[in-house]
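Text of the file input_11.cif, holding mmCIF, N, CA and C atoms:
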```cif
data_upload
#
loop_
_atom_site.label_atom_id
_atom_site.label_comp_id
_atom_site.auth_asym_id
_atom_site.auth_seq_id
_atom_site.Cartn_x
_atom_site.Cartn_y
_atom_site.Cartn_z
N MET D 18 53.17 -46.09 -55.36
CA MET D 18 52.78 -47.43 -55.73
C MET D 18 53.52 -47.79 -57.03
N PHE D 19 53.96 -49.02 -57.11
CA PHE D 19 54.70 -49.49 -58.28
C PHE D 19 53.74 -50.10 -59.28
N LYS D 20 54.00 -49.88 -60.56
CA LYS D 20 53.08 -50.30 -61.60
C LYS D 20 53.40 -51.66 -62.20
N SER D 21 54.56 -52.22 -61.85
CA SER D 21 54.92 -53.51 -62.43
C SER D 21 55.81 -54.29 -61.46
N THR D 22 55.91 -55.58 -61.71
CA THR D 22 56.80 -56.44 -60.93
C THR D 22 58.23 -55.95 -61.06
N LYS D 23 58.61 -55.56 -62.25
CA LYS D 23 59.98 -55.09 -62.49
C LYS D 23 60.27 -53.84 -61.66
N GLU D 24 59.35 -52.88 -61.67
CA GLU D 24 59.53 -51.64 -60.92
C GLU D 24 59.64 -51.91 -59.41
N LEU D 25 58.76 -52.75 -58.89
CA LEU D 25 58.79 -53.10 -57.46
C LEU D 25 60.09 -53.82 -57.11
N THR D 26 60.48 -54.77 -57.95
CA THR D 26 61.71 -55.53 -57.69
C THR D 26 62.93 -54.62 -57.71
N GLU D 27 62.97 -53.68 -58.63
CA GLU D 27 64.10 -52.74 -58.69
C GLU D 27 64.17 -51.89 -57.43
N ALA D 28 63.03 -51.45 -56.92
CA ALA D 28 63.01 -50.66 -55.68
C ALA D 28 63.45 -51.50 -54.49
N TYR D 29 62.99 -52.74 -54.44
CA TYR D 29 63.37 -53.67 -53.37
C TYR D 29 64.88 -53.92 -53.41
N GLU D 30 65.40 -54.10 -54.62
CA GLU D 30 66.83 -54.33 -54.80
C GLU D 30 67.64 -53.11 -54.37
N ARG D 31 67.19 -51.91 -54.74
CA ARG D 31 67.87 -50.68 -54.32
C ARG D 31 67.89 -50.57 -52.80
N LEU D 32 66.76 -50.90 -52.16
CA LEU D 32 66.69 -50.86 -50.70
C LEU D 32 67.76 -51.75 -50.09
N TYR D 33 67.87 -52.97 -50.58
CA TYR D 33 68.87 -53.91 -50.05
C TYR D 33 70.29 -53.44 -50.33
N LEU D 34 70.55 -53.01 -51.57
CA LEU D 34 71.92 -52.63 -51.94
C LEU D 34 72.35 -51.31 -51.30
N ASP D 35 71.42 -50.37 -51.16
CA ASP D 35 71.77 -49.04 -50.64
C ASP D 35 71.64 -48.91 -49.13
N GLU D 36 70.76 -49.69 -48.52
CA GLU D 36 70.49 -49.52 -47.09
C GLU D 36 70.84 -50.75 -46.25
N VAL D 37 70.30 -51.90 -46.62
CA VAL D 37 70.42 -53.10 -45.78
C VAL D 37 71.84 -53.66 -45.78
N LEU D 38 72.40 -53.95 -46.95
CA LEU D 38 73.74 -54.53 -46.99
C LEU D 38 74.81 -53.64 -46.37
N PRO D 39 74.82 -52.33 -46.64
CA PRO D 39 75.81 -51.48 -45.96
C PRO D 39 75.63 -51.47 -44.44
N ALA D 40 74.41 -51.65 -43.97
CA ALA D 40 74.16 -51.65 -42.52
C ALA D 40 74.74 -52.89 -41.84
N VAL D 41 74.93 -53.98 -42.59
CA VAL D 41 75.54 -55.19 -42.02
C VAL D 41 76.95 -54.87 -41.52
N GLU D 42 77.68 -54.10 -42.31
CA GLU D 42 79.04 -53.71 -41.92
C GLU D 42 79.04 -52.89 -40.63
N LYS D 43 77.94 -52.21 -40.37
CA LYS D 43 77.82 -51.39 -39.16
C LYS D 43 77.19 -52.16 -38.00
N GLY D 44 76.91 -53.46 -38.21
CA GLY D 44 76.41 -54.28 -37.12
C GLY D 44 75.00 -54.81 -37.26
N LEU D 45 74.30 -54.50 -38.35
CA LEU D 45 72.95 -55.05 -38.54
C LEU D 45 73.01 -56.56 -38.52
N SER D 46 72.17 -57.19 -37.73
CA SER D 46 72.19 -58.65 -37.65
C SER D 46 70.87 -59.28 -38.08
N ALA D 47 69.85 -58.47 -38.36
CA ALA D 47 68.57 -59.02 -38.80
C ALA D 47 67.82 -57.98 -39.61
N SER D 48 67.02 -58.48 -40.54
CA SER D 48 66.16 -57.62 -41.35
C SER D 48 64.87 -58.38 -41.59
N VAL D 49 63.73 -57.76 -41.32
CA VAL D 49 62.44 -58.43 -41.45
C VAL D 49 61.52 -57.58 -42.32
N TYR D 50 60.95 -58.19 -43.33
CA TYR D 50 59.93 -57.53 -44.14
C TYR D 50 58.60 -58.06 -43.64
N THR D 51 57.81 -57.23 -42.98
CA THR D 51 56.63 -57.71 -42.25
C THR D 51 55.36 -57.80 -43.08
N GLN D 52 55.32 -57.19 -44.23
CA GLN D 52 54.09 -57.20 -45.03
C GLN D 52 54.20 -58.30 -46.08
N VAL D 53 53.84 -59.52 -45.69
CA VAL D 53 53.97 -60.67 -46.59
C VAL D 53 53.00 -60.57 -47.76
N SER D 54 51.76 -60.18 -47.49
CA SER D 54 50.79 -60.05 -48.58
C SER D 54 50.02 -58.75 -48.45
N ASP D 55 49.44 -58.32 -49.56
CA ASP D 55 48.60 -57.13 -49.55
C ASP D 55 47.42 -57.35 -48.61
N MET D 56 46.95 -56.28 -48.00
CA MET D 56 45.80 -56.36 -47.09
C MET D 56 44.85 -55.21 -47.41
N GLU D 57 43.69 -55.54 -47.93
CA GLU D 57 42.66 -54.55 -48.25
C GLU D 57 43.24 -53.37 -49.02
N ASP D 58 43.41 -52.20 -48.40
CA ASP D 58 43.91 -51.05 -49.15
C ASP D 58 45.43 -50.90 -49.07
N GLU D 59 46.11 -51.80 -48.38
CA GLU D 59 47.57 -51.78 -48.32
C GLU D 59 48.11 -52.68 -49.44
N VAL D 60 48.97 -52.14 -50.26
CA VAL D 60 49.47 -52.90 -51.41
C VAL D 60 50.99 -53.02 -51.41
N ASN D 61 51.58 -53.09 -50.22
CA ASN D 61 53.04 -53.19 -50.13
C ASN D 61 53.51 -54.59 -49.77
N GLY D 62 52.68 -55.58 -50.03
CA GLY D 62 53.06 -56.96 -49.74
C GLY D 62 53.92 -57.58 -50.82
N VAL D 63 54.59 -58.66 -50.46
CA VAL D 63 55.39 -59.42 -51.41
C VAL D 63 54.47 -60.23 -52.33
N PHE D 64 53.30 -60.62 -51.80
CA PHE D 64 52.31 -61.38 -52.57
C PHE D 64 51.04 -60.55 -52.72
N THR D 65 50.24 -60.88 -53.72
CA THR D 65 48.94 -60.23 -53.89
C THR D 65 48.03 -60.60 -52.73
N PHE D 66 46.91 -59.88 -52.59
CA PHE D 66 45.97 -60.10 -51.50
C PHE D 66 45.54 -61.56 -51.40
N ASP D 67 45.26 -62.20 -52.55
CA ASP D 67 44.83 -63.60 -52.56
C ASP D 67 46.01 -64.58 -52.55
N ARG D 68 47.22 -64.04 -52.45
CA ARG D 68 48.47 -64.82 -52.43
C ARG D 68 48.65 -65.68 -53.70
N ALA D 69 48.00 -65.28 -54.77
CA ALA D 69 48.08 -66.04 -56.02
C ALA D 69 49.35 -65.72 -56.80
N LYS D 70 49.93 -64.54 -56.55
CA LYS D 70 51.09 -64.14 -57.34
C LYS D 70 52.12 -63.44 -56.45
N MET D 71 53.38 -63.83 -56.63
CA MET D 71 54.47 -63.13 -55.96
C MET D 71 54.76 -61.87 -56.77
N LYS D 72 54.84 -60.74 -56.09
CA LYS D 72 55.00 -59.46 -56.77
C LYS D 72 56.45 -59.07 -57.01
N LEU D 73 57.38 -59.83 -56.46
CA LEU D 73 58.81 -59.60 -56.69
C LEU D 73 59.36 -60.72 -57.57
N GLU D 74 60.42 -60.42 -58.31
CA GLU D 74 61.06 -61.45 -59.13
C GLU D 74 61.84 -62.38 -58.21
N PRO D 75 61.46 -63.66 -58.14
CA PRO D 75 62.08 -64.60 -57.20
C PRO D 75 63.59 -64.71 -57.32
N GLU D 76 64.12 -64.68 -58.53
CA GLU D 76 65.57 -64.81 -58.72
C GLU D 76 66.32 -63.64 -58.09
N THR D 77 65.77 -62.45 -58.22
CA THR D 77 66.40 -61.27 -57.62
C THR D 77 66.38 -61.37 -56.10
N VAL D 78 65.25 -61.78 -55.54
CA VAL D 78 65.14 -61.94 -54.09
C VAL D 78 66.14 -62.99 -53.60
N ARG D 79 66.24 -64.09 -54.32
CA ARG D 79 67.19 -65.16 -53.97
C ARG D 79 68.62 -64.62 -53.99
N ASN D 80 68.98 -63.88 -55.02
CA ASN D 80 70.33 -63.31 -55.12
C ASN D 80 70.61 -62.33 -53.99
N LEU D 81 69.63 -61.49 -53.66
CA LEU D 81 69.81 -60.55 -52.56
C LEU D 81 69.96 -61.28 -51.23
N ASN D 82 69.18 -62.33 -51.04
CA ASN D 82 69.32 -63.12 -49.81
C ASN D 82 70.71 -63.75 -49.72
N ASP D 83 71.23 -64.23 -50.85
CA ASP D 83 72.58 -64.80 -50.86
C ASP D 83 73.63 -63.74 -50.52
N LEU D 84 73.47 -62.54 -51.08
CA LEU D 84 74.39 -61.44 -50.76
C LEU D 84 74.33 -61.08 -49.28
N LEU D 85 73.13 -61.05 -48.73
CA LEU D 85 72.96 -60.73 -47.31
C LEU D 85 73.59 -61.80 -46.43
N LYS D 86 73.40 -63.05 -46.81
CA LYS D 86 74.01 -64.15 -46.06
C LYS D 86 75.54 -64.06 -46.12
N SER D 87 76.08 -63.81 -47.29
CA SER D 87 77.54 -63.69 -47.44
C SER D 87 78.09 -62.52 -46.64
N ALA D 88 77.38 -61.40 -46.65
CA ALA D 88 77.82 -60.23 -45.89
C ALA D 88 77.82 -60.53 -44.40
N GLY D 89 76.79 -61.21 -43.93
CA GLY D 89 76.72 -61.58 -42.52
C GLY D 89 77.82 -62.55 -42.14
N ASN D 90 78.05 -63.53 -42.99
CA ASN D 90 79.12 -64.50 -42.72
C ASN D 90 80.48 -63.83 -42.71
N ALA D 91 80.72 -62.90 -43.62
CA ALA D 91 82.00 -62.18 -43.66
C ALA D 91 82.18 -61.35 -42.39
N LYS D 92 81.12 -60.73 -41.94
CA LYS D 92 81.19 -59.91 -40.73
C LYS D 92 81.47 -60.78 -39.50
N CYS D 93 80.92 -62.00 -39.49
CA CYS D 93 81.09 -62.90 -38.34
C CYS D 93 82.31 -63.80 -38.49
N GLY D 94 82.94 -63.79 -39.66
CA GLY D 94 84.10 -64.63 -39.89
C GLY D 94 83.77 -66.08 -40.17
N SER D 95 82.55 -66.37 -40.68
CA SER D 95 82.20 -67.74 -41.05
C SER D 95 82.03 -67.85 -42.55
N ASP D 96 81.93 -69.09 -43.03
CA ASP D 96 81.76 -69.33 -44.47
C ASP D 96 80.31 -69.32 -44.84
#
```
Reformat the file's structure so that it appears as structure tokens.
Amino acid sequence: MFKSTKELTEAYERLYLDEVLPAVEKGLSASVYTQVSDMEDEVNGVFTFDRAKMKLEPETVRNLNDLLKSAGNAKCGSD
């Protein structure tokens, strides 16, 4: 379990940079994070149980999404 937004965001960023983005080059065409919010004893959501707070730093998520989009476009030959 991560103790801070920064710690969780860094782990999420490592996952994308080390696993997801390199997989695009190998043919990955989709990635889905299914735990949108925490649920009872599960605390791996992007949002808190009451959805009052996003647990990841939005700017980092936005940047990673842009990198993923660019990687996909490069693989497909589009802009």
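In this structure, atom CA of D:Tyr33 sits 7.2 Å away from atom CA of D:Leu81.
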Item to check | Residues of chain D in helix (DSSP H, G or I), written as a VMD selection string | outcome: chain D and resid 22 to 42 75 to 93
Dump as a short mmCIF file (atom, residue, chain, number, x, y, z; two decimals), in the coordinates of the input, selection limited to N, CA and C atoms:
```
data_model
loop_
_atom_site.label_atom_id
_atom_site.label_comp_id
_atom_site.auth_asym_id
_atom_site.auth_seq_id
_atom_site.Cartn_x
_atom_site.Cartn_y
_atom_site.Cartn_z
N THR D 22 55.91 -55.58 -61.71
CA THR D 22 56.80 -56.44 -60.93
C THR D 22 58.23 -55.95 -61.06
N LYS D 23 58.61 -55.56 -62.25
CA LYS D 23 59.98 -55.09 -62.49
C LYS D 23 60.27 -53.84 -61.66
N GLU D 24 59.35 -52.88 -61.67
CA GLU D 24 59.53 -51.64 -60.92
C GLU D 24 59.64 -51.91 -59.41
N LEU D 25 58.76 -52.75 -58.89
CA LEU D 25 58.79 -53.10 -57.46
C LEU D 25 60.09 -53.82 -57.11
N THR D 26 60.48 -54.77 -57.95
CA THR D 26 61.71 -55.53 -57.69
C THR D 26 62.93 -54.62 -57.71
N GLU D 27 62.97 -53.68 -58.63
CA GLU D 27 64.10 -52.74 -58.69
C GLU D 27 64.17 -51.89 -57.43
N ALA D 28 63.03 -51.45 -56.92
CA ALA D 28 63.01 -50.66 -55.68
C ALA D 28 63.45 -51.50 -54.49
N TYR D 29 62.99 -52.74 -54.44
CA TYR D 29 63.37 -53.67 -53.37
C TYR D 29 64.88 -53.92 -53.41
N GLU D 30 65.40 -54.10 -54.62
CA GLU D 30 66.83 -54.33 -54.80
C GLU D 30 67.64 -53.11 -54.37
N ARG D 31 67.19 -51.91 -54.74
CA ARG D 31 67.87 -50.68 -54.32
C ARG D 31 67.89 -50.57 -52.80
N LEU D 32 66.76 -50.90 -52.16
CA LEU D 32 66.69 -50.86 -50.70
C LEU D 32 67.76 -51.75 -50.09
N TYR D 33 67.87 -52.97 -50.58
CA TYR D 33 68.87 -53.91 -50.05
C TYR D 33 70.29 -53.44 -50.33
N LEU D 34 70.55 -53.01 -51.57
CA LEU D 34 71.92 -52.63 -51.94
C LEU D 34 72.35 -51.31 -51.30
N ASP D 35 71.42 -50.37 -51.16
CA ASP D 35 71.77 -49.04 -50.64
C ASP D 35 71.64 -48.91 -49.13
N GLU D 36 70.76 -49.69 -48.52
CA GLU D 36 70.49 -49.52 -47.09
C GLU D 36 70.84 -50.75 -46.25
N VAL D 37 70.30 -51.90 -46.62
CA VAL D 37 70.42 -53.10 -45.78
C VAL D 37 71.84 -53.66 -45.78
N LEU D 38 72.40 -53.95 -46.95
CA LEU D 38 73.74 -54.53 -46.99
C LEU D 38 74.81 -53.64 -46.37
N PRO D 39 74.82 -52.33 -46.64
CA PRO D 39 75.81 -51.48 -45.96
C PRO D 39 75.63 -51.47 -44.44
N ALA D 40 74.41 -51.65 -43.97
CA ALA D 40 74.16 -51.65 -42.52
C ALA D 40 74.74 -52.89 -41.84
N VAL D 41 74.93 -53.98 -42.59
CA VAL D 41 75.54 -55.19 -42.02
C VAL D 41 76.95 -54.87 -41.52
N GLU D 42 77.68 -54.10 -42.31
CA GLU D 42 79.04 -53.71 -41.92
C GLU D 42 79.04 -52.89 -40.63
N PRO D 75 61.46 -63.66 -58.14
CA PRO D 75 62.08 -64.60 -57.20
C PRO D 75 63.59 -64.71 -57.32
N GLU D 76 64.12 -64.68 -58.53
CA GLU D 76 65.57 -64.81 -58.72
C GLU D 76 66.32 -63.64 -58.09
N THR D 77 65.77 -62.45 -58.22
CA THR D 77 66.40 -61.27 -57.62
C THR D 77 66.38 -61.37 -56.10
N VAL D 78 65.25 -61.78 -55.54
CA VAL D 78 65.14 -61.94 -54.09
C VAL D 78 66.14 -62.99 -53.60
N ARG D 79 66.24 -64.09 -54.32
CA ARG D 79 67.19 -65.16 -53.97
C ARG D 79 68.62 -64.62 -53.99
N ASN D 80 68.98 -63.88 -55.02
CA ASN D 80 70.33 -63.31 -55.12
C ASN D 80 70.61 -62.33 -53.99
N LEU D 81 69.63 -61.49 -53.66
CA LEU D 81 69.81 -60.55 -52.56
C LEU D 81 69.96 -61.28 -51.23
N ASN D 82 69.18 -62.33 -51.04
CA ASN D 82 69.32 -63.12 -49.81
C ASN D 82 70.71 -63.75 -49.72
N ASP D 83 71.23 -64.23 -50.85
CA ASP D 83 72.58 -64.80 -50.86
C ASP D 83 73.63 -63.74 -50.52
N LEU D 84 73.47 -62.54 -51.08
CA LEU D 84 74.39 -61.44 -50.76
C LEU D 84 74.33 -61.08 -49.28
N LEU D 85 73.13 -61.05 -48.73
CA LEU D 85 72.96 -60.73 -47.31
C LEU D 85 73.59 -61.80 -46.43
N LYS D 86 73.40 -63.05 -46.81
CA LYS D 86 74.01 -64.15 -46.06
C LYS D 86 75.54 -64.06 -46.12
N SER D 87 76.08 -63.81 -47.29
CA SER D 87 77.54 -63.69 -47.44
C SER D 87 78.09 -62.52 -46.64
N ALA D 88 77.38 -61.40 -46.65
CA ALA D 88 77.82 -60.23 -45.89
C ALA D 88 77.82 -60.53 -44.40
N GLY D 89 76.79 -61.21 -43.93
CA GLY D 89 76.72 -61.58 -42.52
C GLY D 89 77.82 -62.55 -42.14
N ASN D 90 78.05 -63.53 -42.99
CA ASN D 90 79.12 -64.50 -42.72
C ASN D 90 80.48 -63.83 -42.71
N ALA D 91 80.72 -62.90 -43.62
CA ALA D 91 82.00 -62.18 -43.66
C ALA D 91 82.18 -61.35 -42.39
N LYS D 92 81.12 -60.73 -41.94
CA LYS D 92 81.19 -59.91 -40.73
C LYS D 92 81.47 -60.78 -39.50
N CYS D 93 80.92 -62.00 -39.49
CA CYS D 93 81.09 -62.90 -38.34
C CYS D 93 82.31 -63.80 -38.49
#
```
Item to check | Residues near D:Thr26, cut-off 6 Å, only N, CA and C atoms, skip fewer than 5 positions along chain, as number ranges by chain | outcome: D: 21, 31, 72-74
Next on the checklist: Which residue is closest to D:Phe66? Choose from D:Leu34, D:Lys92, D:Ser54, D:Leu45 and count only C-alpha atoms.
Outcome noted: D:Ser54
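Separating atom CA of D:Ala47 from atom C of D:Asp83 is a distance of 13.6 Å.
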Checklist entry - Could you pull the residues within 12 Å of D:Ala91, counting only C-alpha atoms, minus those fewer than 4 positions along the same chain, as number ranges by chain? => result D: 38, 41-42, 44, 84-87, 95-96
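Residues matching the PyMOL selection byres ((chain D and resi 53) around 6.5) in this structure come to Tyr50, Thr51, Gln52, Ser54, Asp55, Asn61, Gly62, Val63 and Phe64 of chain D.
For the atom pair formed by atom CA of D:Glu24 and atom C of D:Lys43, the distance is 28.9 Å, given to one decimal.
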